[in-house]
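Student: Submitted below is the structure of interest, expressed as structure tokens.
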Amino acid sequence: MRVLIVGGGTAGWMTAAALSRLLPPRLVSVRLLESEEIGTVGVGEATVPHIRFFNAKLGLDEADFMARTRATFKLGIEFRNWSRVGDSYIHPFGAFGRELAGVRFHHHWVRARKTGLAGSIEAWSLPIIAARQGRFAHPADDPASPLSTYSYAYQFDAGLYAAFLRTYAEARGVARTEGKVVDVALNGESGFAETVTLESGERIAADLFIDCSGFRGLLIEQTLGAGYEDWTHWLPCDRAYAAPCDSAGTLTPYTRATAREAGWIWRIPLQHRVGNGHVYSSGFCSDDRALSALLEQLESPAHTEPRQLRFRAGKRRRQWSRNVVSIGLAAGFLEPLESTSIHLIQLAIGYLLELFPDPDFDPMNEAEFNRIMALEYERIRDFIILHYHATLRDDTAFWNYCRTMEIPDSLAYRMELFRERGVVAQYREGMFLDASWLAVFLGQNVIPHHYDPSSDRVDPASLATHLAGIGAEYAQAVGSMPQHEEFLREIGADHRTLGAQ
Ligand SMILES: Cc1cc2nc3c(=O)[nH]c(=O)nc-3n(C[C@H](O)[C@H](O)[C@H](O)COP(=O)(O)OP(=O)(O)OC[C@H]3O[C@@H](n4cnc5c(N)ncnc54)[C@H](O)[C@@H]3O)c2cc1C
């Protein structure tokens with residue numbers, strides 16, 4: 001089967017790398033087409049822990065990957081000003097506490113909080129304690145160790161990652177063509193894509209087309225008209241300014257998302273620079289205001305002229321249509337609040353491999369891919385909406401809109417269940433499991449009215465001992481972890497650029 005990937009951004013090269021590694025080359029040939037003139041989106045720096053499994057499948061060495069992409073480690077995301085101005089909480093990549101008497105930890109915490117025995121839940125999350133102290137170490141393998149209670153991701157330069165994967169994919173037989181697609185020809189009977197024509201006049205035929213052409217969705221939308229499900233009414237941010245600068249402080253092992261009057265500002269420390277950007281809603285904030293809000297809080301002058309990006313939250317109605325599969329920005333967009341875009345690329349690649357079509361293109365593959373990807377997008381959508389909706393802020397029109405807007409039924413149900421019973425509705429699989437929902441619910445001040453009554457089987461003294469024991473254990477374990485920068489140096493990060501002083 002001839003596979004043509006259209007687009008060489010992060011999505012295109014991640015797809016090319018995975019297909020060249022995981023499919024048999026005697027059955028599948030992979031070609032990637034990209035246009036340097038058009039370029040890539042060129043932002044995207046924070047990730048979620050799953051990327052480690054993607055890199056492992058490719059057989060990448062972590063230290064090499066980190067050096068090439070100027071990566072730092074990430075234990076979670078700090079959210080400032082989301083519930084109330086002045087508030088701060090961290091969504092960590094890890095669990096809270098340990099269960100007791102078969103009851104999940106947070107129920108005991110809710111009970112203890114009611115009686116004044118417990119304060120912020122942060123004291124029972126090892127990755128939060130470590131993040132607040134700027135420390136990092138690889139998690140321990142021994143499940144009995146408190147250092148096994150977290151995971152981690154990376155903060156990296158996505159452009160360098162794409163370049164790294166290009167070298168990787170080309171070494172495994174992926175052919176790259178430079179050129180701009182000006183036309184796509186469909187089969188008159190089946191409506192399947194047959195060839196793309198380049199500006200140079202060259203025509204390239206393929207059996208399977210993977211549309212990684214970015215927001216424009218060259219094949220999936222412009223040619224096949226798959227349609228777009230617009231979620232702007234739930235996620236009204238539609239623009240961003242991005243402006244990297246030098247780091248003026250220590251390299252925090254976490255990303256920061258600070259809520260502003262009509263959106264939020266990201267701060268992502270890499271080895272050689274800090275990524276900054278302001279995601280905002282043009283309906284509630286002018287471009288000038290958004291830009292000055294970003295520039296006035298940079299820790300050092302911007303490296304380049306700030307770049308503006310425009311987008312619309314949502315996804316293609318059909319992400320796979322006939323013999324075209326869209327991946328990356330061509331498939332949809334959810335703002336980077338929880339660093340999920342690269343993860344959605346990874347998921348799409350995984351499902352495509354699982355449902356890889358035969359030459360007869362059984363419609364079951366397309367149907368299942370579309371079903372499961374829709375589910376993944378919707379879950380992440382709900383999780384992101386939660387951050388906006390569960391707010392107490394009433395200081396601007398934007399926050400009043402978000403606080404009072406109608407939300408998807410799926411999210412309303414989850415919020416109600418948690419608020420009443422402290423129960424996080426379970427997903428069998430997929431993104432953002434209980435611990436993540438818990439962190440954001442509690443961080444956003446959605447505190448359960450009731451806890452699991454089985455907690456009352458534990459007498460108050462035993463509960464106090466349990467809480468104090470875990471708190472002390474975590475604090476001690478974090479004390480043994482090195483500072484993040486020290487750890488980066490140990491694994492060979494470049495001394496000259498580290499912290500970019
Ligand atoms: C403001 C912002 C912040 C973000 N932050 C994060 C983050 O922190 N974490 C995260 O995971 N993700 C983030 N993302 C998303 C991330 O940037 C993208 O998911 C990722 O870069 C993938 O982009 P892409 O490859 O789909 O598209 P692009 O980078 O746009 O690449 C498109 C490719 O298609 C090619 N192309 C287009 N048209 C043609 C044509 N006619 N002929 C030939 N080639 C063509 C282009 O040349 C390019 O190679 C962010 C996105 C935005 C907008």
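Chain labels run A, B, ... following the order of the structure tokens; each chain numbers its residues from 1, and ligands are numbered from 1 in the order shown.
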Hey, could you make a per-residue contact list for stretch 247-316 of chain A against stretch 368-390 of chain A with 10 Å as the cut-off, showing the nearest pair of atoms and its distance in Å to one decimal, counting only C-alpha atoms, sorted by chain and number, as a Markdown table?

Tutor:
```
| residue | atom | partner | partner_atom | distance |
| --- | --- | --- | --- | --- |
| A:Ala259 | CA | A:Tyr388 | CA | 9.4 |
| A:Gly263 | CA | A:Tyr388 | CA | 9.2 |
| A:Ala313 | CA | A:Arg381 | CA | 8.9 |
| A:Gly314 | CA | A:Tyr377 | CA | 8.4 |
| A:Lys315 | CA | A:Tyr377 | CA | 7.6 |
| A:Arg316 | CA | A:Ala374 | CA | 8.9 |
```

Student: Atoms to include: all heavy atoms. Write the selected residues as a CSV table (one decimal), in the first residue's frame.

Tutor:
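Below is the file selection09.csv, written as the result:
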```csv
chain,number,residue,atom,x,y,z
A,259,ALA,N,-4.7,32.5,34.5
A,259,ALA,CA,-5.9,33.1,33.9
A,259,ALA,C,-5.8,34.6,33.8
A,259,ALA,O,-5.3,35.2,34.8
A,259,ALA,CB,-7.1,32.6,34.7
A,263,GLY,N,-9.0,35.0,29.0
A,263,GLY,CA,-8.2,33.9,28.5
A,263,GLY,C,-7.1,33.6,29.5
A,263,GLY,O,-7.3,33.8,30.7
A,313,ALA,N,-12.2,26.3,18.3
A,313,ALA,CA,-12.3,25.0,19.0
A,313,ALA,C,-13.3,24.1,18.3
A,313,ALA,O,-14.4,24.5,18.0
A,313,ALA,CB,-12.7,25.3,20.4
A,314,GLY,N,-12.9,22.8,18.2
A,314,GLY,CA,-13.8,21.9,17.6
A,314,GLY,C,-13.1,20.7,16.9
A,314,GLY,O,-11.9,20.6,17.1
A,315,LYS,N,-13.8,20.0,16.1
A,315,LYS,CA,-13.2,18.9,15.4
A,315,LYS,C,-13.9,18.6,14.1
A,315,LYS,O,-15.1,18.9,14.0
A,315,LYS,CB,-13.1,17.6,16.3
A,315,LYS,CG,-14.5,17.0,16.6
A,315,LYS,CD,-14.3,15.6,17.2
A,315,LYS,CE,-15.5,14.8,17.1
A,315,LYS,NZ,-16.1,14.6,15.8
A,316,ARG,N,-13.3,17.9,13.3
A,316,ARG,CA,-13.9,17.4,12.0
A,316,ARG,C,-15.1,16.5,12.4
A,316,ARG,O,-14.9,15.6,13.2
A,316,ARG,CB,-13.0,16.7,11.1
A,316,ARG,CG,-11.8,17.5,10.6
A,316,ARG,CD,-12.1,18.4,9.4
A,316,ARG,NE,-10.9,19.3,9.3
A,316,ARG,CZ,-11.0,20.6,9.3
A,316,ARG,NH1,-12.1,21.2,9.3
A,316,ARG,NH2,-9.9,21.3,9.2
```

Student: Just asking: which residues within stretch 10-197 of chain A are strand (DSSP E or B) according to DSSP, as an NGL selection string?

Tutor: :A and (29-34 or 46 or 72-74 or 76-80 or 88-92 or 94 or 100 or 103 or 135 or 150 or 153-155 or 175-178 or 181-186 or 193-197)

Student: Under the rule that only C-alpha atoms are counted, which of A:Lys74, A:Arg113, A:Arg98, A:His106 is the nearest residue to A:Ser151?

Tutor: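 The closest residue to A:Ser151 is A:Lys74.
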
Student: Using only C-alpha atoms, which of the listed residues (A:Trp231, A:Asn81, A:Arg421, A:Asp360) sits closest to A:Pro408?

Tutor: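 Of A:Trp231, A:Asn81, A:Arg421, A:Asp360, the one nearest A:Pro408 is A:Trp231, counting only C-alpha atoms.
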
Student: Could you please write out, as a count of residues only, every residue of stretch 196-443 of chain A that DSSP assigns to helix (DSSP H, G or I)?

Tutor: 91

Student: Can you list, as a PyMOL selection string, every protein, DNA or RNA residue that comes within 9 Å of stretch 252-258 of chain A when you count only C-alpha atoms, leaving out same-chain residues fewer than 5 positions away?

Tutor: chain A and resi 46+72-82+88+90+92+130-136+154-155+263-269+337+484-485

Student: Go through A:Glu338, A:Asp287, A:Asp211, A:Asp142 and flag the residue nearest A:Glu45, using only C-alpha atoms for the distances.

Tutor: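 Among A:Glu338, A:Asp287, A:Asp211, A:Asp142, it is A:Glu338 that comes nearest to A:Glu45.
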
Student: Restricting the calculation to only C-alpha atoms and all ligand atoms: of A:Glu34, A:Asp358, A:Asp288, A:Glu221, which residue gets closest to ligand 1?

Tutor: A:Glu34

Student: Pick from A:Phe54, A:Phe487, A:Phe93, A:Phe215: nearest to ligand 1, with only C-alpha atoms and all ligand atoms counted?

Tutor: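 With only C-alpha atoms and all ligand atoms as the atom set, the closest residue is A:Phe215.
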
Student: Name the closest residue to ligand 1 among the candidates A:Thr340, A:Ser148, A:Thr15, A:Ser20; distances are taken between atoms, counting only C-alpha atoms and all ligand atoms.

Tutor: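 Among A:Thr340, A:Ser148, A:Thr15, A:Ser20, it is A:Thr340 that comes nearest to ligand 1.
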
Student: Would you pick out the contacts of A:Leu291 at 8 Å or less, using only C-alpha atoms, so that residues sharing its chain but fewer than 4 positions from it are not included, and give the list as a PyMOL selection string?

Tutor: chain A and resi 241+278+287+295

Student: What does the distance from atom 41 (N, counted along the ligand's line) of ligand 1 to atom CA of A:Gly227 come to in Å, to one decimal?

Tutor: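 Distance between the two atoms: 18.9 Å.
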
Student: Would you list the contacts of A:Ala101 as a PDB file with all heavy atoms, in the first residue's frame, taking every protein, DNA or RNA residue within 10 Å and counting only C-alpha atoms, but skipping same-chain residues closer than 5 positions in sequence?

Tutor:
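Result saved to part.pdb:
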```pdb
ATOM      1  N   SER A 454     -18.326   4.928  54.133  1.00  0.00           N
ATOM      2  CA  SER A 454     -17.435   3.900  54.696  1.00  0.00           C
ATOM      3  C   SER A 454     -16.234   4.525  55.388  1.00  0.00           C
ATOM      4  O   SER A 454     -15.581   3.882  56.219  1.00  0.00           O
ATOM      5  CB  SER A 454     -16.936   2.951  53.613  1.00  0.00           C
ATOM      6  OG  SER A 454     -18.017   2.365  52.965  1.00  0.00           O
ATOM      7  N   SER A 455     -15.919   5.766  55.032  1.00  0.00           N
ATOM      8  CA  SER A 455     -14.789   6.431  55.687  1.00  0.00           C
ATOM      9  C   SER A 455     -15.032   6.503  57.196  1.00  0.00           C
ATOM     10  O   SER A 455     -14.083   6.431  57.992  1.00  0.00           O
ATOM     11  CB  SER A 455     -14.603   7.839  55.119  1.00  0.00           C
ATOM     12  OG  SER A 455     -13.670   8.550  55.894  1.00  0.00           O
ATOM     13  N   ARG A 457     -16.037   4.378  59.103  1.00  0.00           N
ATOM     14  CA  ARG A 457     -15.643   3.153  59.820  1.00  0.00           C
ATOM     15  C   ARG A 457     -14.244   3.315  60.431  1.00  0.00           C
ATOM     16  O   ARG A 457     -13.857   2.586  61.328  1.00  0.00           O
ATOM     17  CB  ARG A 457     -15.657   1.950  58.865  1.00  0.00           C
ATOM     18  CG  ARG A 457     -17.053   1.569  58.396  1.00  0.00           C
ATOM     19  CD  ARG A 457     -17.118   0.152  57.799  1.00  0.00           C
ATOM     20  NE  ARG A 457     -15.867  -0.386  57.346  1.00  0.00           N
ATOM     21  CZ  ARG A 457     -15.504  -0.491  56.060  1.00  0.00           C
ATOM     22  NH1 ARG A 457     -16.304  -0.088  55.118  1.00  0.00           N
ATOM     23  NH2 ARG A 457     -14.358  -1.032  55.741  1.00  0.00           N
ATOM     24  N   VAL A 458     -13.482   4.249  59.877  1.00  0.00           N
ATOM     25  CA  VAL A 458     -12.137   4.487  60.412  1.00  0.00           C
ATOM     26  C   VAL A 458     -12.259   5.479  61.571  1.00  0.00           C
ATOM     27  O   VAL A 458     -12.853   6.546  61.414  1.00  0.00           O
ATOM     28  CB  VAL A 458     -11.227   5.092  59.313  1.00  0.00           C
ATOM     29  CG1 VAL A 458      -9.833   5.392  59.854  1.00  0.00           C
ATOM     30  CG2 VAL A 458     -11.169   4.171  58.099  1.00  0.00           C
TER      31      VAL A 458
END
```
